[in-house]
Amino acid sequence: MLTGIDNVVIIVTLIAVMSIGYYFSKSITDMESYYLANRSLPWSLVVGTLVASWYGGVGVIGTIGYASVFGLATWFIWSIGAHGVRFPLALWVGPRIHIRSDVTVPDVIDHAYGKLAAVIASIFLFIYSSQLGEITATGFIGEAAWGMNKVLLGVIIVVITIVLTCLGGLMGVAVTDMIFFFFMISSVCLVFPQIYAEVGGMAGIRAATASNPAFTSPVAGMSLSKALMLLLLCVNVYADPCFYQRFSASNTARTGRRAMLTCFCIWVAFDAVTNIAGMIVKVKFPTGQPELEYVKMVLSNLPVGIRALFVIGLFGAIISTLDSYYLIGGTTLAKDIYARIFDKEKISDRKLVNLSRLGSCLLGLIGVCLAFRFTLVYDAFVFIGSLWMSTGFVPVLMALMYKGKMTKAAGLFSMIAGGISFIFLTYHPVTISQSFGSLEPLLVALPLSFICWFIGSRIGEDTNYDHKSIRC
Amino acid sequence: MAEDKNAELQKQQQEKEDMRIEWFGIDGALCLCFVFESVFFGYCMIHNVDFVIGRVLPYGAALVTLWIFLKYITQVLSFSHGARKKAQSKQQ
């Protein structure tokens with residue numbers, strides 16, 4: 001639990017960090033273009049931006065939760081596998097495909113499959129922007145830090161995020177993200193040697209979990225179904241326009257490629273720290289809620305004042321992630337849903353801002369209502385990611401990569417089949433065998449979406465989709 | 001006109017050069033670094049090498065974070081300084 005001094009440190013640091021962010025946002029007038037489209041970022045800044053924006057609250061707290069359930073397999077399968085499947089993205093796909101910053105994912109779908117498919121995709125993209133996992137993580141951190149009710153804290157964080165989103169501006173985006181990330185990772189790494197020694201190292205973890213040897217086995221702790229689903233989920237980033245925008249911000253394709261390869265090396269080490277920390281939580285608090293117990297454990301091991309920085313780092317990372325997604329979701333509601341349904345090519349700036357604000361509020365409401373229904377932070381993250389992947393991944397990927405015939409039916413069939421099969425299997429789980437585990441909905445939804453895309457592409461006229469229109 | 005063509009050609013050549021993966025350079029080294037880290041840390045986890053897992057890994061990760069953080073702040077400061085100078089010279 002945090003003391004009065006910690007709370008003072010939190011308030012002072014928050015004001016200081018926000019002032020720094022405000023200072024930079026005022027002095028660097030073209031920071032927005034610098035980050036999005038000017039293609040001027042050197043290697044160190046691309047590494048900093050990628051590392052800070054991808055490794056948020058869910059990255060730390062979520063990995064802890066999964067590691068305490070699946071053990072060492074979380075690192076060997078999820079971490080190594082996740083970064084491994086992204087290597088082609090860094091080496092070949094990222095440098096070759098640069099999506100223009102003014103073309104959104106629904107725009108790509110509209111060009112390839114028509115308006116109806118674009119509206120359906122926009123609705124799923126809007127739901128994806130609610131980022132439930134971040135709000136779930138918020139509840140656990142608040143409960144451990146102040147003993148607060150997690151729903152109440154979730155509401156407070158969502159309100160702060162909506163206020164920040166509605167106020168707009170670049171404050172907090174450029175410099176503050178990196179500061180928050182530095183606080184979070186430094187605290188996690190500095191407290192680790194102490195808690196690791198307390199349980200007696202790897203031998204101590206093995207001895208304490210001797211009744212469940214799969215927990216300390218590199219692969220046996222996770223069912224095949226779960227492992228396949230997680231590996232598939234990692235591929236989702238191939239259809240993520242935000243990634244391409246970040247990649248495009250580097251001054252050359254070579255810089256972007258090397259920055260991403262550097263990030264893989266950094267992330268795999270961080271993941272190893274958080275994975276073992278999750279296993280330590282399981283040993284020390286076998287019946288406790290892992291995410292909650294981890295935050296409590298870190299707070300009790302860090303000195304007064306420093307632990308406040310850990311909490312700021314976690315909340316900062318969560319708010320900055322939510323902030324960006326609420327902006328994306330708000331814009332999706334205004335430009336990709338409202339404008340398409342009512343056939344308005346150009347909405348006035350005022351209406352766009354108001355609709356975006358409404359979208360942010362709706363996302364906040366969805367987030368608070370659903371986030372705390374999940375036991376683990378990663379469960380929320382996996383659910384929302386899988387839903388988007390089941391519906392949007394195949395149409396987007398085929399629109400980007402496939403050069404043959406493309407029809408309206410292909411996009412619609414693919415999205416409907418993926419979405420329905422995912423929802424059906426989520427609410428009616430099927431267990432195949434003990435070793436395979438329960439059939440993950442994504443494992444059925446994704447192939448079905450592919451099959452239906454190919455069937456649909458044989459029905460109707462070619463949309464004559466011009467691939468060059470979305471490439472730089 | 002000829003200058004424009006020349007610049008365009010140079011740009012295309014530079015882009016082509018940027019796309020080339022240097023397997024025996026930094027790109028290859030970074031790929032190898034990932035493989036090495038995965039194998040090395042994996043081996044240490046399986047074989048209970050506590051010095052690496054308990055010390056080298058967290059302190060190494062913290063040091064790398066500090067290095068990126070300092071480099072990031074230095075770059076942003078120099079960018080900010082450059083932008084302000086540019087704005088001042090524009091005003092003058």
# chains A, B, ... in the order shown; residues from 1 in each chain; ligands from 1
>>> residues_around(residues="Ile46 of chain B", least_positions_apart="2", cutoff="8 Å", atoms="only C-alpha atoms", output="number ranges by chain")
A: 217-218; B: 42-44, 48
>>> write_last_selection(atoms="N, CA and C atoms", output="compact mmCIF listing (two decimals), in the first residue's frame")
# COMPACT_ATOMS: atom_id res chain seq x y z
N SER A 217 8.46 -26.51 -17.16
CA SER A 217 8.92 -27.09 -18.43
C SER A 217 8.82 -26.02 -19.53
N PRO A 218 9.75 -26.02 -20.49
CA PRO A 218 9.72 -24.97 -21.52
C PRO A 218 8.45 -24.94 -22.37
N GLY B 42 17.23 -19.03 -22.32
CA GLY B 42 16.48 -20.29 -22.23
C GLY B 42 17.30 -21.37 -21.55
N TYR B 43 18.57 -21.48 -21.95
CA TYR B 43 19.47 -22.47 -21.35
C TYR B 43 19.63 -22.19 -19.85
N CYS B 44 19.82 -20.92 -19.51
CA CYS B 44 20.01 -20.55 -18.10
C CYS B 44 18.77 -20.84 -17.26
N ASN B 48 19.02 -23.72 -14.34
CA ASN B 48 19.10 -22.99 -13.06
C ASN B 48 20.37 -22.14 -12.89
>>> residues_around(residues="segment 117-129 of chain A", least_positions_apart="3", cutoff="8 Å", atoms="only C-alpha atoms", output="JSON, numbers by chain")
{"A": [106, 107, 109, 110, 113, 114, 325, 326, 328, 329, 330, 332, 333, 336, 337, 340, 341, 363, 384, 385, 387, 388, 391, 392, 408, 411, 412, 415]}
>>> interface_residues(of="chain A", to="chain B", cutoff="7 Å", atoms="only C-alpha atoms", output="JSON, numbers by chain")
{"A": [27, 28, 44, 45, 48, 80, 95, 178, 182, 185, 186, 189, 190, 192, 193, 196, 201, 202, 203, 252, 253, 254, 258, 261, 262, 264, 265, 269, 270, 273]}
>>> atom_distance(atom1="atom CA of Val8 of chain A", atom2="atom CA of Thr321 of chain A")
24.5 Å
>>> atom_distance(atom1="atom CA of Gly59 of chain A", atom2="atom CA of Leu233 of chain A")
14.4 Å
>>> residues_around(residues="Gly4 of chain A", least_positions_apart="5", cutoff="12 Å", atoms="only C-alpha atoms", output="ChimeraX atom specification")
/A:9-11,145-146,304-305,308
>>> atom_distance(atom1="atom CA of Phe436 of chain A", atom2="atom CA of Lys226 of chain A")
8.2 Å
>>> residues_around(residues="Asp271 of chain A", least_positions_apart="2", cutoff="8 Å", atoms="only C-alpha atoms", output="list in words")
Thr63, Trp75, Ser79, Trp267, Val268, Ala269, Val273, Thr274 and Asn275 of chain A
>>> write_last_selection(atoms="C-alpha atoms", output="PDB file, in the first residue's frame")
ATOM      1  CA  THR A  63       2.701 -11.309 -18.845  1.00  0.00           C
ATOM      2  CA  TRP A  75       8.344 -17.196 -22.367  1.00  0.00           C
ATOM      3  CA  SER A  79       7.550 -14.380 -26.040  1.00  0.00           C
ATOM      4  CA  TRP A 267      11.610  -7.214 -25.495  1.00  0.00           C
ATOM      5  CA  VAL A 268      12.768 -10.815 -25.267  1.00  0.00           C
ATOM      6  CA  ALA A 269      14.951  -9.852 -22.259  1.00  0.00           C
ATOM      7  CA  VAL A 273      12.208 -10.842 -16.353  1.00  0.00           C
ATOM      8  CA  THR A 274       8.409 -10.487 -16.192  1.00  0.00           C
ATOM      9  CA  ASN A 275       7.905 -14.200 -16.936  1.00  0.00           C
TER      10      ASN A 275
END
>>> residues_around(residues="Leu232 of chain A", least_positions_apart="3", cutoff="9 Å", atoms="only C-alpha atoms", output="ChimeraX atom specification")
/A:82,85,227-229,235-236,442-443,446
>>> write_last_selection(atoms="C-alpha atoms", output="CSV table (one decimal), in the first residue's frame")
chain,number,residue,atom,x,y,z
A,82,ALA,CA,5.6,-13.7,-30.8
A,85,VAL,CA,6.8,-14.5,-36.2
A,227,ALA,CA,0.0,-22.0,-27.9
A,228,LEU,CA,-1.3,-22.0,-31.5
A,229,MET,CA,-3.9,-19.3,-30.7
A,235,VAL,CA,0.4,-12.1,-36.6
A,236,ASN,CA,-2.3,-9.6,-36.0
A,442,LEU,CA,-9.5,-18.0,-33.2
A,443,LEU,CA,-8.1,-21.4,-34.5
A,446,LEU,CA,-9.3,-17.6,-38.9
>>> select_by_dssp(residues="segment 266-458 of chain A", states="strand (DSSP E or B)", output="PyMOL selection string")
chain A and resi 431-433+437-438
>>> write_last_selection(atoms="C-alpha atoms", output="PDB file, in the first residue's frame")
ATOM      1  CA  THR A 431     -12.777 -29.493 -25.588  1.00  0.00           C
ATOM      2  CA  ILE A 432     -10.825 -31.729 -27.993  1.00  0.00           C
ATOM      3  CA  SER A 433      -8.497 -33.604 -25.619  1.00  0.00           C
ATOM      4  CA  GLY A 437      -7.042 -28.327 -24.466  1.00  0.00           C
ATOM      5  CA  SER A 438     -10.196 -26.389 -25.181  1.00  0.00           C
TER       6      SER A 438
END
>>> select_by_dssp(residues="segment 332-455 of chain A", states="alpha helix (DSSP H)", output="VMD selection string")
chain A and resid 339 to 341 349 to 371 377 to 388 394 to 401 408 to 427 441 to 455
>>> write_last_selection(atoms="C-alpha atoms", output="tab-separated table (two decimals), in the first residue's frame")
chain	number	residue	atom	x	y	z
A	339	ALA	CA	-19.76	9.47	-42.70
A	340	ARG	CA	-20.11	6.20	-44.64
A	341	ILE	CA	-23.65	5.39	-43.44
A	349	ASP	CA	-14.26	19.84	-38.25
A	350	ARG	CA	-16.65	20.73	-35.44
A	351	LYS	CA	-18.89	17.73	-36.08
A	352	LEU	CA	-15.87	15.46	-36.46
A	353	VAL	CA	-14.50	16.57	-33.09
A	354	ASN	CA	-17.90	16.17	-31.38
A	355	LEU	CA	-18.45	12.71	-32.86
A	356	SER	CA	-14.91	11.70	-31.88
A	357	ARG	CA	-15.63	12.83	-28.33
A	358	LEU	CA	-18.86	10.84	-28.33
A	359	GLY	CA	-16.90	7.84	-29.61
A	360	SER	CA	-14.34	8.20	-26.80
A	361	CYS	CA	-17.13	8.32	-24.19
A	362	LEU	CA	-18.78	5.23	-25.72
A	363	LEU	CA	-15.48	3.35	-25.67
A	364	GLY	CA	-14.96	4.31	-22.03
A	365	LEU	CA	-18.43	3.03	-21.18
A	366	ILE	CA	-17.86	-0.27	-23.06
A	367	GLY	CA	-14.49	-0.63	-21.34
A	368	VAL	CA	-15.77	-0.12	-17.79
A	369	CYS	CA	-18.79	-2.40	-18.37
A	370	LEU	CA	-16.76	-5.31	-19.82
A	371	ALA	CA	-13.16	-5.08	-18.56
A	377	VAL	CA	-5.53	-9.02	-17.90
A	378	TYR	CA	-4.37	-11.08	-20.90
A	379	ASP	CA	-7.79	-12.76	-21.16
A	380	ALA	CA	-9.31	-9.35	-21.89
A	381	PHE	CA	-6.49	-8.50	-24.30
A	382	VAL	CA	-6.75	-11.87	-26.09
A	383	PHE	CA	-10.57	-11.64	-26.38
A	384	ILE	CA	-10.60	-8.20	-27.96
A	385	GLY	CA	-7.58	-8.97	-30.19
A	386	SER	CA	-9.04	-12.31	-31.33
A	387	LEU	CA	-12.41	-10.73	-32.16
A	388	TRP	CA	-10.77	-8.14	-34.43
A	394	VAL	CA	-8.09	-11.84	-43.58
A	395	PRO	CA	-9.88	-9.09	-45.58
A	396	VAL	CA	-7.17	-6.53	-44.72
A	397	LEU	CA	-4.26	-8.89	-45.40
A	398	MET	CA	-5.74	-10.06	-48.72
A	399	ALA	CA	-6.48	-6.47	-49.75
A	400	LEU	CA	-2.84	-5.63	-49.11
A	401	MET	CA	-1.15	-8.74	-50.48
A	408	LYS	CA	-17.60	-7.51	-52.42
A	409	ALA	CA	-18.76	-11.02	-51.40
A	410	ALA	CA	-15.18	-12.01	-50.47
A	411	GLY	CA	-14.92	-9.30	-47.82
A	412	LEU	CA	-18.43	-9.80	-46.46
A	413	PHE	CA	-18.29	-13.62	-46.34
A	414	SER	CA	-14.90	-13.55	-44.68
A	415	MET	CA	-15.93	-11.08	-41.96
A	416	ILE	CA	-19.30	-12.69	-41.25
A	417	ALA	CA	-17.90	-16.26	-41.10
A	418	GLY	CA	-14.97	-15.20	-38.89
A	419	GLY	CA	-17.14	-13.12	-36.55
A	420	ILE	CA	-19.98	-15.65	-36.14
A	421	SER	CA	-17.68	-18.65	-35.59
A	422	PHE	CA	-15.62	-16.71	-33.03
A	423	ILE	CA	-18.66	-15.60	-31.03
A	424	PHE	CA	-20.27	-19.06	-31.22
A	425	LEU	CA	-17.16	-20.89	-29.98
A	426	THR	CA	-16.51	-18.31	-27.28
A	427	TYR	CA	-19.91	-18.99	-25.73
A	441	PRO	CA	-12.20	-19.82	-31.16
A	442	LEU	CA	-9.50	-18.04	-33.20
A	443	LEU	CA	-8.14	-21.39	-34.45
A	444	VAL	CA	-11.46	-22.06	-36.17
A	445	ALA	CA	-12.48	-18.51	-37.03
A	446	LEU	CA	-9.30	-17.59	-38.92
A	447	PRO	CA	-9.16	-20.58	-41.32
A	448	LEU	CA	-12.92	-20.30	-41.86
A	449	SER	CA	-12.51	-16.62	-42.65
A	450	PHE	CA	-9.81	-17.54	-45.23
A	451	ILE	CA	-11.96	-20.25	-46.82
A	452	CYS	CA	-14.99	-17.95	-47.04
A	453	TRP	CA	-12.82	-15.21	-48.53
A	454	PHE	CA	-11.78	-17.55	-51.36
A	455	ILE	CA	-15.37	-18.74	-51.91
>>> residues_around(residues="Ala317 of chain A", least_positions_apart="4", cutoff="12 Å", atoms="only C-alpha atoms", output="PyMOL selection string")
chain A and resi 51-61+134-135+137-138+157+161+172-173+176-185+309-313+321-324
>>> write_last_selection(atoms="N, CA and C atoms", output="JSON list (two decimals), in the first residue's frame")
[["chain", "number", "residue", "atom", "x", "y", "z"],
["A", 51, "VAL", "N", 9.49, 0.84, -28.43],
["A", 51, "VAL", "CA", 9.59, 0.14, -27.15],
["A", 51, "VAL", "C", 8.56, 0.68, -26.16],
["A", 52, "ALA", "N", 8.45, 2.00, -26.07],
["A", 52, "ALA", "CA", 7.54, 2.60, -25.09],
["A", 52, "ALA", "C", 6.08, 2.38, -25.44],
["A", 53, "SER", "N", 5.74, 2.45, -26.73],
["A", 53, "SER", "CA", 4.33, 2.35, -27.07],
["A", 53, "SER", "C", 3.82, 0.91, -27.10],
["A", 54, "TRP", "N", 4.69, -0.06, -27.34],
["A", 54, "TRP", "CA", 4.25, -1.45, -27.41],
["A", 54, "TRP", "C", 4.32, -2.17, -26.08],
["A", 55, "TYR", "N", 5.11, -1.66, -25.16],
["A", 55, "TYR", "CA", 5.29, -2.37, -23.91],
["A", 55, "TYR", "C", 4.59, -1.59, -22.79],
["A", 56, "GLY", "N", 3.29, -1.61, -22.80],
["A", 56, "GLY", "CA", 2.51, -0.83, -21.83],
["A", 56, "GLY", "C", 2.17, -1.63, -20.58],
["A", 57, "GLY", "N", 1.06, -1.22, -19.94],
["A", 57, "GLY", "CA", 0.61, -1.88, -18.72],
["A", 57, "GLY", "C", 0.28, -3.35, -18.94],
["A", 58, "VAL", "N", -0.37, -3.64, -20.09],
["A", 58, "VAL", "CA", -0.72, -5.03, -20.39],
["A", 58, "VAL", "C", 0.54, -5.87, -20.60],
["A", 59, "GLY", "N", 1.56, -5.28, -21.22],
["A", 59, "GLY", "CA", 2.82, -5.99, -21.47],
["A", 59, "GLY", "C", 3.44, -6.50, -20.19],
["A", 60, "VAL", "N", 3.42, -5.70, -19.14],
["A", 60, "VAL", "CA", 4.04, -6.11, -17.87],
["A", 60, "VAL", "C", 3.06, -6.93, -17.03],
["A", 61, "ILE", "N", 1.93, -6.33, -16.69],
["A", 61, "ILE", "CA", 0.97, -6.98, -15.79],
["A", 61, "ILE", "C", 0.37, -8.24, -16.43],
["A", 134, "GLU", "N", -6.27, -3.03, -20.83],
["A", 134, "GLU", "CA", -5.65, -1.91, -20.13],
["A", 134, "GLU", "C", -6.50, -1.52, -18.90],
["A", 135, "ILE", "N", -7.83, -1.52, -19.08],
["A", 135, "ILE", "CA", -8.72, -1.14, -17.96],
["A", 135, "ILE", "C", -8.71, -2.24, -16.90],
["A", 137, "ALA", "N", -6.18, -4.10, -16.18],
["A", 137, "ALA", "CA", -4.92, -3.91, -15.47],
["A", 137, "ALA", "C", -5.02, -2.77, -14.46],
["A", 138, "THR", "N", -5.71, -1.71, -14.86],
["A", 138, "THR", "CA", -5.89, -0.55, -13.99],
["A", 138, "THR", "C", -6.49, -0.95, -12.64],
["A", 157, "ILE", "N", -9.91, 6.35, -14.17],
["A", 157, "ILE", "CA", -8.88, 6.35, -15.23],
["A", 157, "ILE", "C", -9.52, 6.61, -16.60],
["A", 161, "THR", "N", -8.73, 9.67, -19.04],
["A", 161, "THR", "CA", -8.35, 9.41, -20.43],
["A", 161, "THR", "C", -9.25, 10.16, -21.39],
["A", 172, "GLY", "N", 2.21, 14.78, -23.56],
["A", 172, "GLY", "CA", 2.29, 13.43, -23.02],
["A", 172, "GLY", "C", 2.65, 12.38, -24.05],
["A", 173, "VAL", "N", 2.48, 12.69, -25.31],
["A", 173, "VAL", "CA", 2.69, 11.64, -26.31],
["A", 173, "VAL", "C", 4.17, 11.41, -26.59],
["A", 176, "THR", "N", 6.69, 12.11, -22.64],
["A", 176, "THR", "CA", 6.16, 11.49, -21.43],
["A", 176, "THR", "C", 6.04, 9.96, -21.54],
["A", 177, "ASP", "N", 5.70, 9.46, -22.70],
["A", 177, "ASP", "CA", 5.60, 8.01, -22.90],
["A", 177, "ASP", "C", 6.91, 7.33, -22.53],
["A", 178, "MET", "N", 7.99, 7.94, -22.97],
["A", 178, "MET", "CA", 9.31, 7.34, -22.72],
["A", 178, "MET", "C", 9.66, 7.43, -21.24],
["A", 179, "ILE", "N", 9.28, 8.55, -20.59],
["A", 179, "ILE", "CA", 9.57, 8.70, -19.16],
["A", 179, "ILE", "C", 8.79, 7.65, -18.36],
["A", 180, "PHE", "N", 7.51, 7.51, -18.68],
["A", 180, "PHE", "CA", 6.68, 6.51, -18.00],
["A", 180, "PHE", "C", 7.26, 5.11, -18.19],
["A", 181, "PHE", "N", 7.66, 4.84, -19.41],
["A", 181, "PHE", "CA", 8.23, 3.52, -19.72],
["A", 181, "PHE", "C", 9.50, 3.29, -18.90],
["A", 182, "PHE", "N", 10.32, 4.31, -18.80],
["A", 182, "PHE", "CA", 11.58, 4.20, -18.05],
["A", 182, "PHE", "C", 11.29, 3.91, -16.56],
["A", 183, "PHE", "N", 10.34, 4.62, -15.98],
["A", 183, "PHE", "CA", 9.96, 4.39, -14.58],
["A", 183, "PHE", "C", 9.51, 2.94, -14.38],
["A", 184, "MET", "N", 8.63, 2.50, -15.28],
["A", 184, "MET", "CA", 8.01, 1.18, -15.14],
["A", 184, "MET", "C", 9.05, 0.06, -15.25],
["A", 185, "ILE", "N", 9.87, 0.09, -16.31],
["A", 185, "ILE", "CA", 10.82, -1.00, -16.53],
["A", 185, "ILE", "C", 11.94, -0.98, -15.49],
["A", 309, "LEU", "N", 7.00, 5.87, -8.26],
["A", 309, "LEU", "CA", 7.39, 5.99, -9.67],
["A", 309, "LEU", "C", 6.92, 4.75, -10.46],
["A", 310, "PHE", "N", 6.94, 3.60, -9.79],
["A", 310, "PHE", "CA", 6.47, 2.36, -10.43],
["A", 310, "PHE", "C", 4.98, 2.49, -10.78],
["A", 311, "VAL", "N", 4.21, 2.99, -9.80],
["A", 311, "VAL", "CA", 2.77, 3.14, -10.02],
["A", 311, "VAL", "C", 2.50, 4.17, -11.13],
["A", 312, "ILE", "N", 3.27, 5.28, -11.10],
["A", 312, "ILE", "CA", 3.11, 6.30, -12.15],
["A", 312, "ILE", "C", 3.42, 5.70, -13.52],
["A", 313, "GLY", "N", 4.51, 4.93, -13.57],
["A", 313, "GLY", "CA", 4.92, 4.30, -14.83],
["A", 313, "GLY", "C", 3.81, 3.43, -15.39],
["A", 321, "THR", "N", -1.77, 4.55, -23.70],
["A", 321, "THR", "CA", -2.28, 3.57, -24.67],
["A", 321, "THR", "C", -3.77, 3.80, -24.92],
["A", 322, "LEU", "N", -4.52, 3.94, -23.81],
["A", 322, "LEU", "CA", -5.97, 4.15, -23.94],
["A", 322, "LEU", "C", -6.26, 5.42, -24.73],
["A", 323, "ASP", "N", -5.50, 6.47, -24.41],
["A", 323, "ASP", "CA", -5.65, 7.76, -25.06],
["A", 323, "ASP", "C", -5.56, 7.62, -26.59],
["A", 324, "SER", "N", -4.49, 6.93, -27.04],
["A", 324, "SER", "CA", -4.30, 6.79, -28.49],
["A", 324, "SER", "C", -5.43, 5.97, -29.12]]
>>> closest_residue(among="A:Arg373, A:Arg257, A:Ala207, A:Thr463", to="Val151 of chain A", atoms="only C-alpha atoms")
A:Arg373
